[in-house]
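Asker: model-v3.txt is the file, holding compact mmCIF, C-alpha atoms and all ligand atoms:
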# COMPACT_ATOMS: atom_id res chain seq x y z
CA MET A 1 -91.33 1.31 23.56
CA ASN A 2 -93.00 -1.23 25.86
CA GLN A 3 -94.84 -4.16 24.30
CA PRO A 4 -97.93 -6.11 25.53
CA VAL A 5 -97.37 -9.09 27.85
CA GLU A 6 -97.15 -12.31 25.81
CA ASP A 7 -97.84 -15.78 27.20
CA CYS A 8 -94.38 -16.80 25.97
CA ILE A 9 -91.38 -15.18 24.31
CA ILE A 10 -88.94 -17.42 22.45
CA ILE A 11 -85.42 -16.16 21.79
CA GLY A 12 -84.11 -17.73 18.58
CA ALA A 13 -86.08 -18.70 15.48
CA GLY A 14 -83.93 -21.67 14.45
CA LEU A 15 -85.74 -24.99 14.17
CA SER A 16 -85.90 -25.50 17.96
CA GLY A 17 -87.50 -22.09 18.57
CA LEU A 18 -89.92 -22.57 15.69
CA ALA A 19 -90.92 -26.05 16.90
CA ALA A 20 -91.58 -24.66 20.38
CA ALA A 21 -93.56 -21.72 18.98
CA LYS A 22 -95.65 -23.99 16.77
CA SER A 23 -96.62 -26.24 19.72
CA LEU A 24 -97.51 -23.31 21.99
CA ASP A 25 -99.39 -21.47 19.24
CA GLU A 26 -101.44 -24.60 18.48
CA ALA A 27 -102.28 -24.81 22.20
CA GLY A 28 -103.74 -21.29 21.97
CA LEU A 29 -100.98 -19.29 23.70
CA SER A 30 -99.78 -15.91 22.47
CA VAL A 31 -96.17 -16.47 21.37
CA LEU A 32 -93.57 -14.03 20.10
CA LEU A 33 -90.31 -15.18 18.48
CA LEU A 34 -87.32 -12.83 18.50
CA ASP A 35 -84.24 -13.46 16.35
CA LYS A 36 -81.16 -11.39 15.71
CA GLY A 37 -80.81 -12.70 12.15
CA ARG A 38 -82.34 -11.10 9.07
CA ARG A 39 -84.55 -14.13 8.57
CA PRO A 40 -85.59 -17.21 10.58
CA GLY A 41 -83.72 -20.52 10.38
CA GLY A 42 -80.42 -20.01 12.21
CA ARG A 43 -78.13 -22.80 11.04
CA MET A 44 -80.62 -23.94 8.38
CA ALA A 45 -79.14 -21.33 6.08
CA SER A 46 -79.38 -20.91 2.29
CA ARG A 47 -78.43 -18.18 -0.14
CA GLU A 48 -78.20 -17.36 -3.82
CA PHE A 49 -74.94 -15.97 -5.20
CA GLU A 50 -73.74 -15.42 -8.81
CA GLY A 51 -76.61 -17.49 -10.18
CA ALA A 52 -75.98 -20.49 -7.89
CA MET A 53 -78.03 -21.66 -4.87
CA PHE A 54 -76.36 -22.89 -1.71
CA ASP A 55 -77.22 -24.53 1.58
CA TYR A 56 -74.28 -23.45 3.71
CA GLY A 57 -75.40 -24.67 7.16
CA ALA A 58 -77.33 -27.93 7.55
CA GLN A 59 -77.07 -29.97 4.35
CA PHE A 60 -79.83 -32.55 4.96
CA PHE A 61 -81.74 -34.10 7.82
CA SER A 62 -83.07 -37.42 9.02
CA ALA A 63 -86.54 -38.00 10.48
CA ARG A 64 -86.48 -40.90 12.94
CA ASP A 65 -88.99 -39.61 15.49
CA THR A 66 -92.71 -40.13 14.78
CA ASP A 67 -93.75 -36.49 15.44
CA PHE A 68 -90.97 -35.09 13.29
CA ARG A 69 -91.64 -37.66 10.56
CA SER A 70 -95.32 -36.70 10.34
CA LEU A 71 -94.38 -33.01 9.99
CA ILE A 72 -91.90 -33.89 7.26
CA HIS A 73 -94.45 -36.06 5.47
CA SER A 74 -96.83 -33.08 5.34
CA PHE A 75 -94.01 -31.08 3.72
CA LEU A 76 -93.31 -33.83 1.17
CA GLY A 77 -96.80 -33.34 -0.28
CA ALA A 78 -96.18 -29.58 -0.57
CA ALA A 79 -92.85 -30.17 -2.41
CA LEU A 80 -91.08 -28.30 0.38
CA VAL A 81 -89.08 -31.39 1.27
CA THR A 82 -87.72 -34.20 -0.88
CA PRO A 83 -85.78 -37.39 -0.11
CA TRP A 84 -82.17 -36.82 -1.18
CA PHE A 85 -80.41 -40.12 -0.58
CA GLU A 86 -80.56 -43.27 1.53
CA ARG A 87 -78.23 -44.46 4.26
CA PRO A 88 -78.66 -47.84 5.97
CA GLY A 89 -81.90 -47.59 7.94
CA GLU A 90 -82.73 -43.98 7.10
CA THR A 91 -83.63 -41.48 4.43
CA ARG A 92 -81.79 -38.17 4.24
CA TYR A 93 -84.10 -35.31 3.28
CA CYS A 94 -83.43 -31.84 1.91
CA SER A 95 -85.48 -29.02 0.43
CA PRO A 96 -85.33 -28.33 -3.32
CA LEU A 97 -86.01 -24.69 -2.37
CA GLY A 98 -83.02 -24.59 -0.01
CA MET A 99 -83.01 -25.74 3.61
CA ASN A 100 -83.95 -22.25 4.80
CA ALA A 101 -87.33 -22.65 3.07
CA ILE A 102 -88.40 -25.05 5.86
CA PRO A 103 -88.01 -22.62 8.81
CA GLU A 104 -89.27 -19.80 6.60
CA PHE A 105 -92.45 -21.81 5.90
CA LEU A 106 -92.91 -22.71 9.59
CA SER A 107 -92.52 -19.07 10.61
CA ARG A 108 -95.29 -17.83 8.31
CA SER A 109 -98.11 -18.71 10.69
CA LEU A 110 -96.18 -17.46 13.74
CA ARG A 111 -95.40 -14.02 15.19
CA LEU A 112 -91.73 -13.31 14.60
CA VAL A 113 -89.56 -10.21 14.77
CA CYS A 114 -86.17 -10.53 13.05
CA GLY A 115 -83.20 -8.21 13.48
CA VAL A 116 -83.71 -8.11 17.27
CA THR A 117 -80.65 -8.95 19.35
CA VAL A 118 -81.66 -9.68 22.92
CA SER A 119 -79.03 -8.34 25.29
CA VAL A 120 -80.66 -8.58 28.75
CA VAL A 121 -83.21 -10.90 30.30
CA ARG A 122 -84.62 -10.38 33.82
CA HIS A 123 -87.87 -10.85 35.63
CA ASP A 124 -90.00 -8.42 37.64
CA GLY A 125 -92.14 -10.61 39.86
CA LYS A 126 -94.14 -12.91 37.55
CA ILE A 127 -93.18 -11.20 34.29
CA TRP A 128 -90.12 -11.70 32.10
CA ARG A 129 -88.55 -8.55 30.65
CA VAL A 130 -86.62 -9.28 27.48
CA ILE A 131 -84.58 -6.26 26.49
CA ALA A 132 -83.25 -5.79 22.97
CA GLN A 133 -80.05 -3.97 22.04
CA ASP A 134 -82.12 -1.03 20.75
CA GLY A 135 -83.77 -0.70 24.18
CA THR A 136 -87.15 -2.20 23.26
CA VAL A 137 -88.61 -4.13 26.21
CA TYR A 138 -90.67 -7.25 25.44
CA SER A 139 -92.66 -8.85 28.27
CA SER A 140 -94.00 -12.36 28.80
CA LYS A 141 -95.24 -14.85 31.38
CA ALA A 142 -92.83 -17.57 30.21
CA LEU A 143 -89.52 -17.62 28.33
CA ILE A 144 -87.74 -20.13 26.11
CA VAL A 145 -84.15 -19.47 25.03
CA THR A 146 -82.83 -21.48 22.05
CA ALA A 147 -79.57 -19.72 21.13
CA PRO A 148 -76.34 -21.79 21.10
CA LEU A 149 -75.40 -22.36 24.76
CA PRO A 150 -72.55 -19.83 25.16
CA GLN A 151 -74.96 -17.12 23.93
CA THR A 152 -77.81 -18.44 26.09
CA LEU A 153 -75.62 -18.48 29.20
CA GLU A 154 -74.80 -14.79 28.76
CA LEU A 155 -78.51 -14.04 29.12
CA VAL A 156 -79.97 -16.28 31.80
CA ASP A 157 -79.58 -16.77 35.52
CA ILE A 158 -79.72 -20.48 36.35
CA PRO A 159 -78.55 -22.69 39.25
CA ALA A 160 -74.76 -23.06 39.49
CA ASP A 161 -74.72 -26.85 38.92
CA VAL A 162 -76.73 -26.58 35.69
CA ARG A 163 -74.66 -23.61 34.53
CA ALA A 164 -71.48 -25.64 35.11
CA ALA A 165 -72.87 -28.60 33.12
CA LEU A 166 -73.97 -26.35 30.23
CA THR A 167 -70.72 -24.35 30.24
CA ALA A 168 -68.81 -27.61 29.77
CA ILE A 169 -70.57 -28.24 26.45
CA GLU A 170 -68.29 -27.18 23.61
CA TYR A 171 -69.08 -26.52 19.96
CA HIS A 172 -67.14 -27.40 16.83
CA ARG A 173 -66.36 -24.49 14.52
CA CYS A 174 -66.90 -24.82 10.81
CA ILE A 175 -65.57 -22.80 7.89
CA ALA A 176 -67.78 -23.04 4.80
CA ILE A 177 -66.85 -22.11 1.23
CA LEU A 178 -69.59 -21.44 -1.28
CA ALA A 179 -68.01 -22.16 -4.67
CA VAL A 180 -69.64 -21.26 -8.01
CA LEU A 181 -68.39 -23.52 -10.84
CA ASP A 182 -68.17 -22.73 -14.55
CA GLY A 183 -69.42 -26.25 -15.41
CA PRO A 184 -70.74 -29.44 -13.80
CA SER A 185 -69.07 -30.77 -10.68
CA ALA A 186 -67.32 -34.15 -10.56
CA ILE A 187 -69.10 -35.09 -7.33
CA PRO A 188 -70.79 -38.41 -8.08
CA LYS A 189 -74.50 -38.98 -7.51
CA PRO A 190 -76.25 -38.12 -5.22
CA GLY A 191 -74.02 -35.01 -5.09
CA TYR A 192 -72.78 -35.45 -1.53
CA LEU A 193 -69.40 -36.65 -0.27
CA ARG A 194 -68.41 -37.09 3.35
CA LEU A 195 -64.61 -37.11 3.32
CA SER A 196 -62.49 -38.33 6.19
CA GLN A 197 -59.64 -36.45 4.66
CA PRO A 198 -58.43 -33.29 6.42
CA PRO A 199 -59.01 -30.42 5.80
CA LEU A 200 -62.37 -31.36 4.28
CA GLN A 201 -65.47 -32.58 6.05
CA THR A 202 -68.09 -32.66 3.28
CA LEU A 203 -68.77 -31.50 -0.27
CA ALA A 204 -72.29 -31.00 -1.60
CA ASP A 205 -73.43 -30.17 -5.13
CA ASN A 206 -76.50 -28.05 -4.52
CA ARG A 207 -77.91 -28.54 -8.03
CA GLN A 208 -77.81 -32.32 -7.64
CA LYS A 209 -79.93 -31.82 -4.50
CA GLY A 210 -82.62 -30.51 -6.79
CA MET A 211 -82.08 -26.79 -6.18
CA GLU A 212 -82.80 -24.98 -9.43
CA SER A 213 -80.12 -22.49 -10.44
CA GLU A 214 -78.34 -21.18 -13.53
CA ALA A 215 -74.90 -22.04 -12.19
CA VAL A 216 -73.57 -25.00 -10.19
CA GLY A 217 -72.88 -24.22 -6.53
CA VAL A 218 -70.79 -26.54 -4.37
CA THR A 219 -70.72 -26.15 -0.59
CA ILE A 220 -67.34 -27.08 0.87
CA LEU A 221 -67.27 -27.61 4.63
CA ALA A 222 -63.91 -27.70 6.39
CA ASP A 223 -63.37 -30.20 9.19
CA ALA A 224 -63.28 -29.13 12.83
CA GLY A 225 -59.46 -29.21 13.05
CA PHE A 226 -58.90 -26.94 10.06
CA SER A 227 -61.71 -24.62 11.13
CA LEU A 228 -60.20 -24.15 14.59
CA GLN A 229 -56.64 -23.78 13.31
CA HIS A 230 -57.62 -21.23 10.63
CA TRP A 231 -60.37 -19.38 12.47
CA ASP A 232 -58.41 -16.12 12.45
CA THR A 233 -56.55 -16.71 9.18
CA PRO A 234 -57.60 -14.11 6.60
CA ARG A 235 -60.14 -15.65 4.21
CA GLU A 236 -57.90 -14.84 1.22
CA GLU A 237 -55.33 -17.24 2.70
CA ALA A 238 -57.60 -19.97 4.11
CA ALA A 239 -60.01 -20.29 1.17
CA PRO A 240 -57.33 -21.31 -1.41
CA LEU A 241 -56.23 -24.15 0.91
CA LEU A 242 -59.76 -25.57 0.97
CA LEU A 243 -60.36 -24.96 -2.73
CA ALA A 244 -57.11 -26.78 -3.58
CA ALA A 245 -58.09 -29.76 -1.41
CA ALA A 246 -61.54 -29.86 -3.04
CA ALA A 247 -60.26 -29.40 -6.63
CA PRO A 248 -60.16 -33.14 -7.54
CA TYR A 249 -63.88 -33.38 -6.78
CA LEU A 250 -64.98 -30.12 -8.38
CA GLY A 251 -64.26 -31.07 -12.02
CA SER A 252 -64.76 -27.46 -13.25
CA ASN A 253 -63.18 -24.13 -12.46
CA VAL A 254 -64.31 -22.03 -9.52
CA SER A 255 -65.48 -18.70 -10.95
CA HIS A 256 -66.51 -17.08 -7.63
CA TRP A 257 -66.50 -18.01 -3.97
CA ARG A 258 -67.81 -16.77 -0.65
CA TYR A 259 -66.62 -17.62 2.86
CA HIS A 260 -68.70 -18.18 5.98
CA ARG A 261 -67.56 -18.96 9.52
CA TRP A 262 -69.85 -20.86 11.91
CA ARG A 263 -68.61 -20.21 15.45
CA TYR A 264 -71.19 -22.64 16.89
CA SER A 265 -71.58 -25.31 14.24
CA ASN A 266 -72.41 -28.48 16.20
CA PRO A 267 -72.29 -29.19 19.93
CA VAL A 268 -69.56 -31.71 20.76
CA GLN A 269 -71.34 -33.00 23.86
CA ILE A 270 -75.07 -33.20 24.51
CA TYR A 271 -76.99 -32.37 27.71
CA PRO A 272 -78.62 -35.58 28.97
CA GLU A 273 -82.19 -34.15 28.82
CA ARG A 274 -84.12 -32.88 25.77
CA PHE A 275 -84.42 -29.41 27.38
CA TYR A 276 -83.74 -27.71 30.67
CA GLY A 277 -86.74 -26.34 32.57
CA LEU A 278 -86.47 -23.97 35.54
CA ASP A 279 -89.71 -24.49 37.43
CA GLN A 280 -90.10 -21.05 38.97
CA THR A 281 -92.48 -18.13 38.56
CA PRO A 282 -92.09 -17.04 35.82
CA PRO A 283 -90.89 -20.31 34.17
CA LEU A 284 -87.82 -20.57 31.96
CA ALA A 285 -86.86 -23.29 29.47
CA LEU A 286 -83.63 -23.73 27.52
CA ALA A 287 -83.71 -25.71 24.28
CA GLY A 288 -81.75 -26.33 21.09
CA ASP A 289 -79.57 -28.96 19.49
CA ALA A 290 -77.25 -29.11 22.54
CA PHE A 291 -80.21 -30.76 24.31
CA GLY A 292 -81.98 -32.73 21.60
CA GLY A 293 -78.95 -33.89 19.58
CA PRO A 294 -76.52 -32.14 17.20
CA ARG A 295 -78.79 -32.07 14.17
CA VAL A 296 -81.93 -30.57 12.68
CA GLU A 297 -84.17 -33.29 14.07
CA GLY A 298 -82.60 -32.93 17.53
CA ALA A 299 -83.33 -29.18 17.50
CA PHE A 300 -86.95 -29.82 16.56
CA LEU A 301 -87.44 -32.43 19.29
CA SER A 302 -85.85 -30.19 21.90
CA GLY A 303 -88.10 -27.22 21.10
CA HIS A 304 -91.16 -29.44 21.04
CA ALA A 305 -90.29 -30.98 24.44
CA ALA A 306 -89.65 -27.57 26.04
CA ALA A 307 -93.04 -26.31 24.83
CA ASN A 308 -94.85 -29.40 26.13
CA TRP A 309 -93.23 -28.89 29.53
CA LEU A 310 -94.29 -25.23 29.63
CA LEU A 311 -97.86 -26.21 28.83
CA THR A 312 -97.95 -28.16 32.11
CA LYS A 313 -96.93 -25.06 34.14
C1 LIG B 401 -72.13 -26.10 8.61
C2 LIG B 401 -73.20 -26.89 9.29
C3 LIG B 401 -73.62 -28.11 8.75
C4 LIG B 401 -74.62 -28.85 9.35
N1 LIG B 401 -75.06 -30.00 8.76
C5 LIG B 401 -76.12 -30.64 9.27
C6 LIG B 401 -76.69 -31.73 8.57
O1 LIG B 401 -76.28 -32.07 7.45
N2 LIG B 401 -77.76 -32.38 9.14
C7 LIG B 401 -78.30 -31.98 10.35
O2 LIG B 401 -79.29 -32.57 10.79
N3 LIG B 401 -77.78 -30.92 11.03
C8 LIG B 401 -76.71 -30.25 10.51
N4 LIG B 401 -76.21 -29.16 11.17
C9 LIG B 401 -76.72 -28.82 12.49
C10 LIG B 401 -78.10 -28.14 12.45
O3 LIG B 401 -78.06 -27.08 11.52
C11 LIG B 401 -78.43 -27.63 13.83
O4 LIG B 401 -78.38 -28.73 14.75
C12 LIG B 401 -79.83 -26.99 13.98
O5 LIG B 401 -80.16 -26.22 12.85
C13 LIG B 401 -79.81 -26.15 15.26
O6 LIG B 401 -81.07 -25.51 15.43
P1 LIG B 401 -81.28 -24.63 16.76
O7 LIG B 401 -82.65 -24.07 16.69
O8 LIG B 401 -80.92 -25.45 17.96
O9 LIG B 401 -80.18 -23.48 16.70
P2 LIG B 401 -79.91 -22.27 15.58
O10 LIG B 401 -80.36 -22.78 14.27
O11 LIG B 401 -78.53 -21.90 15.81
O12 LIG B 401 -80.93 -21.17 16.08
C14 LIG B 401 -80.63 -20.29 17.15
C15 LIG B 401 -81.12 -18.90 16.79
O13 LIG B 401 -80.90 -18.04 17.90
C16 LIG B 401 -80.64 -16.75 17.40
N5 LIG B 401 -79.99 -15.97 18.46
C17 LIG B 401 -78.83 -16.25 19.11
N6 LIG B 401 -78.58 -15.32 20.05
C18 LIG B 401 -79.61 -14.42 19.99
C19 LIG B 401 -79.90 -13.22 20.70
N7 LIG B 401 -79.11 -12.75 21.69
N8 LIG B 401 -81.02 -12.52 20.36
C20 LIG B 401 -81.86 -12.96 19.38
N9 LIG B 401 -81.61 -14.10 18.67
C21 LIG B 401 -80.50 -14.83 18.98
C22 LIG B 401 -79.76 -16.99 16.18
O14 LIG B 401 -79.80 -15.90 15.27
C23 LIG B 401 -80.38 -18.27 15.60
O15 LIG B 401 -81.29 -18.00 14.55
C24 LIG B 401 -75.22 -28.38 10.58
C25 LIG B 401 -74.81 -27.15 11.10
C26 LIG B 401 -73.83 -26.41 10.48
C27 LIG B 401 -73.45 -25.06 11.03
Could the structure of this file be written out as structure tokens, please?
Ligand SMILES: Cc1cc2nc3c(=O)[nH]c(=O)nc-3n(C[C@H](O)[C@H](O)[C@H](O)COP(=O)(O)OP(=O)(O)OC[C@H]3O[C@@H](n4cnc5c(N)ncnc54)[C@H](O)[C@@H]3O)c2cc1C

Answerer:
Amino acid sequence: MNQPVEDCIIIGAGLSGLAAAKSLDEAGLSVLLLDKGRRPGGRMASREFEGAMFDYGAQFFSARDTDFRSLIHSFLGAALVTPWFERPGETRYCSPLGMNAIPEFLSRSLRLVCGVTVSVVRHDGKIWRVIAQDGTVYSSKALIVTAPLPQTLELVDIPADVRAALTAIEYHRCIAILAVLDGPSAIPKPGYLRLSQPPLQTLADNRQKGMESEAVGVTILADAGFSLQHWDTPREEAAPLLLAAAAPYLGSNVSHWRYHRWRYSNPVQIYPERFYGLDQTPPLALAGDAFGGPRVEGAFLSGHAAANWLLTK
């Protein structure tokens, strides 16, 4: 089925796509977000499991930039965001509702279709044709792609020098364990530990973050080395290695666990500009944390910058 021509289609409803959509929507453009996931948020992922709540992607975020800080301050009033802990020079924020509540809230005023995997992108004259796996064709006058770069590069046709620069950007992998405990964890306040102790990267006690739940859920993130080495190891073999390493900090028994693999966790290198814009008819912009910086705030700033550029076209 063919759809009406939008002013802009955005592929990816992670924070960068949502930030771009919000800016364009506020400027009066018709914007459609498409995401292959079941819900918006991408790597700002949360879930409930066996009575415990978990953030299993981004754990917290900083807000150094003025635009991002003012958005976050508006969320503080609505109890969507809360300060979690301080580090020299900055506050680390989280959501007591789970990090996914932030993109979910942002998406409410936007037009978003989830469960749509875009498989082909091409343009007919001045119009982009964005073709989903199920054959649906979406059309727009401008396009922003915010998927992790290896997925973006499968879709778009861009000059060879830029393609080479973007292809060179690698991503860390990350294996996450969601562990439900039968009692309180031994992770000291504020409930977050960054360990420079392979195979662990971080441990976070989701209840200490302020997430209400019957049971205690601890998110265990493996470091990049372990995640790469054990990417293809069956979860029944890899999970016990991580649980054993985490045991001294857990303080209670693990009653249940789940396993999640992030193929594109964080970009290792960053493109030197906040976005890439292809000034052609129809225009194309690429955005995401590989442009803005490997964090939630970087994704937001990248999407915002890409949208502002499109508004000048
Ligand atoms: C385990 C982990 C821990 C982290 N911890 C922190 C932290 O503590 N603090 C911090 O600031 N950052 C952290 N980050 C990084 C942060 O989550 C990301 O930088 C940020 O969320 C990236 O947002 P994005 O919009 O660029 O990309 P994503 O959130 O990846 O969004 C891209 C979207 O594109 C969609 N997509 C991809 N391909 C297609 C397609 N073909 N068709 C349709 N949709 C498609 C995906 O479904 C996804 O929703 C962490 C990340 C991980 C994985």

Asker: Give as a count of residues only the residues surrounding ligand LIG 401 (chain B) up to a distance of 7 Å, considering all atoms listed in the file.

Answerer: 49

Asker: Please provide as a list of chain:residue names all residues within 10 Å of A:Gln280, with the sequence filter that same-chain residues fewer than 3 positions apart are discarded (counting all atoms listed in the file).

Answerer: A:Lys126, A:Ala142, A:Gly277, A:Pro283, A:Leu284, A:Lys313

Asker: Given only C-alpha atoms as the basis, pick out the residue of A:Pro272, A:Pro234, A:Gly191, A:Gly89 nearest to A:Val162.

Answerer: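 For A:Val162, the nearest of the given residues is A:Pro272.
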
Asker: For the atom pair atom CA of A:Ser252 and atom CA of A:Gln201, what is the interatomic distance in Å to one decimal place?

Answerer: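 Value for the atom CA of A:Ser252-atom CA of A:Gln201 distance: 20.0 Å.
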
Asker: Between A:Leu18, A:Leu32, A:Lys141, A:Arg69, which is the closest to A:Phe105 once you count only C-alpha atoms?

Answerer: A:Leu18

Asker: Determine, counting all atoms listed in the file, which protein, DNA and RNA residues have an atom within 10 Å of an atom of A:Ala168; residues of the same chain fewer than 3 positions away are not included. Present the result as a list in words.

Answerer: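 With the cut-off at 10 Å, the set is Leu149, Pro150, Val162, Arg163, Ala164, Ala165, Tyr171, Val268, Gln269, Ile270 and Tyr271 of chain A.
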
Asker: What gap, in Å, lies between atom CA of A:Leu181 and atom CA of A:Val216?

Answerer: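 Distance reported for this atom pair: 5.4 Å.
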
Asker: To one decimal place, how far is atom CA of A:Leu278 from atom CA of A:Leu311 in Å?

Answerer: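 Atom-to-atom, atom CA of A:Leu278 to atom CA of A:Leu311, that is 13.4 Å.
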
Asker: Give the answer as one residue: which of A:Ala27, A:Leu241, A:Ala215, A:Ala305 has the shortest atom-to-atom distance to A:Met53, using all atoms listed in the file?

Answerer: A:Ala215

Asker: Please rebuild stretch 140-163 of chain A with N, CA and C atoms and give the result as an mmCIF file, in the coordinates of the input.

Answerer:
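result.cif, written as the output of this step:
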data_model
loop_
_atom_site.group_PDB
_atom_site.id
_atom_site.type_symbol
_atom_site.label_atom_id
_atom_site.label_comp_id
_atom_site.auth_asym_id
_atom_site.auth_seq_id
_atom_site.Cartn_x
_atom_site.Cartn_y
_atom_site.Cartn_z
ATOM 1 N N SER A 140 -93.277 -11.096 28.955
ATOM 2 C CA SER A 140 -94.000 -12.360 28.800
ATOM 3 C C SER A 140 -94.122 -13.072 30.143
ATOM 4 N N LYS A 141 -95.039 -14.067 30.160
ATOM 5 C CA LYS A 141 -95.240 -14.850 31.380
ATOM 6 C C LYS A 141 -94.322 -16.064 31.416
ATOM 7 N N ALA A 142 -93.774 -16.442 30.271
ATOM 8 C CA ALA A 142 -92.830 -17.570 30.210
ATOM 9 C C ALA A 142 -91.784 -17.250 29.142
ATOM 10 N N LEU A 143 -90.629 -17.901 29.259
ATOM 11 C CA LEU A 143 -89.520 -17.620 28.330
ATOM 12 C C LEU A 143 -88.830 -18.907 27.911
ATOM 13 N N ILE A 144 -88.560 -19.016 26.618
ATOM 14 C CA ILE A 144 -87.740 -20.130 26.110
ATOM 15 C C ILE A 144 -86.549 -19.515 25.380
ATOM 16 N N VAL A 145 -85.358 -19.970 25.702
ATOM 17 C CA VAL A 145 -84.150 -19.470 25.030
ATOM 18 C C VAL A 145 -83.537 -20.614 24.237
ATOM 19 N N THR A 146 -83.310 -20.390 22.933
ATOM 20 C CA THR A 146 -82.830 -21.480 22.050
ATOM 21 C C THR A 146 -81.530 -21.129 21.332
ATOM 22 N N ALA A 147 -80.851 -20.081 21.765
ATOM 23 C CA ALA A 147 -79.570 -19.720 21.130
ATOM 24 C C ALA A 147 -78.531 -20.796 21.456
ATOM 25 N N PRO A 148 -77.435 -20.909 20.677
ATOM 26 C CA PRO A 148 -76.340 -21.790 21.100
ATOM 27 C C PRO A 148 -75.946 -21.477 22.550
ATOM 28 N N LEU A 149 -75.538 -22.508 23.305
ATOM 29 C CA LEU A 149 -75.400 -22.360 24.760
ATOM 30 C C LEU A 149 -74.524 -21.198 25.237
ATOM 31 N N PRO A 150 -73.346 -20.944 24.635
ATOM 32 C CA PRO A 150 -72.550 -19.830 25.160
ATOM 33 C C PRO A 150 -73.316 -18.502 25.076
ATOM 34 N N GLN A 151 -74.159 -18.343 24.051
ATOM 35 C CA GLN A 151 -74.960 -17.120 23.930
ATOM 36 C C GLN A 151 -76.116 -17.142 24.923
ATOM 37 N N THR A 152 -76.714 -18.303 25.116
ATOM 38 C CA THR A 152 -77.810 -18.440 26.090
ATOM 39 C C THR A 152 -77.314 -18.111 27.499
ATOM 40 N N LEU A 153 -76.116 -18.633 27.832
ATOM 41 C CA LEU A 153 -75.620 -18.480 29.200
ATOM 42 C C LEU A 153 -75.247 -17.032 29.528
ATOM 43 N N GLU A 154 -75.040 -16.219 28.500
ATOM 44 C CA GLU A 154 -74.800 -14.790 28.760
ATOM 45 C C GLU A 154 -76.082 -14.086 29.184
ATOM 46 N N LEU A 155 -77.235 -14.715 28.880
ATOM 47 C CA LEU A 155 -78.510 -14.040 29.120
ATOM 48 C C LEU A 155 -79.206 -14.474 30.402
ATOM 49 N N VAL A 156 -79.081 -15.765 30.759
ATOM 50 C CA VAL A 156 -79.970 -16.280 31.800
ATOM 51 C C VAL A 156 -79.264 -16.554 33.115
ATOM 52 N N ASP A 157 -80.057 -16.479 34.187
ATOM 53 C CA ASP A 157 -79.580 -16.770 35.520
ATOM 54 C C ASP A 157 -80.135 -18.142 35.904
ATOM 55 N N ILE A 158 -79.264 -19.120 36.052
ATOM 56 C CA ILE A 158 -79.720 -20.480 36.350
ATOM 57 C C ILE A 158 -78.869 -21.056 37.473
ATOM 58 N N PRO A 159 -79.334 -22.129 38.138
ATOM 59 C CA PRO A 159 -78.550 -22.690 39.250
ATOM 60 C C PRO A 159 -77.125 -23.053 38.836
ATOM 61 N N ALA A 160 -76.191 -22.909 39.794
ATOM 62 C CA ALA A 160 -74.760 -23.060 39.490
ATOM 63 C C ALA A 160 -74.426 -24.444 38.920
ATOM 64 N N ASP A 161 -75.079 -25.511 39.416
ATOM 65 C CA ASP A 161 -74.720 -26.850 38.920
ATOM 66 C C ASP A 161 -75.125 -27.021 37.451
ATOM 67 N N VAL A 162 -76.281 -26.472 37.093
ATOM 68 C CA VAL A 162 -76.730 -26.580 35.690
ATOM 69 C C VAL A 162 -75.842 -25.693 34.809
ATOM 70 N N ARG A 163 -75.542 -24.511 35.297
ATOM 71 C CA ARG A 163 -74.660 -23.610 34.530
ATOM 72 C C ARG A 163 -73.318 -24.295 34.259
#
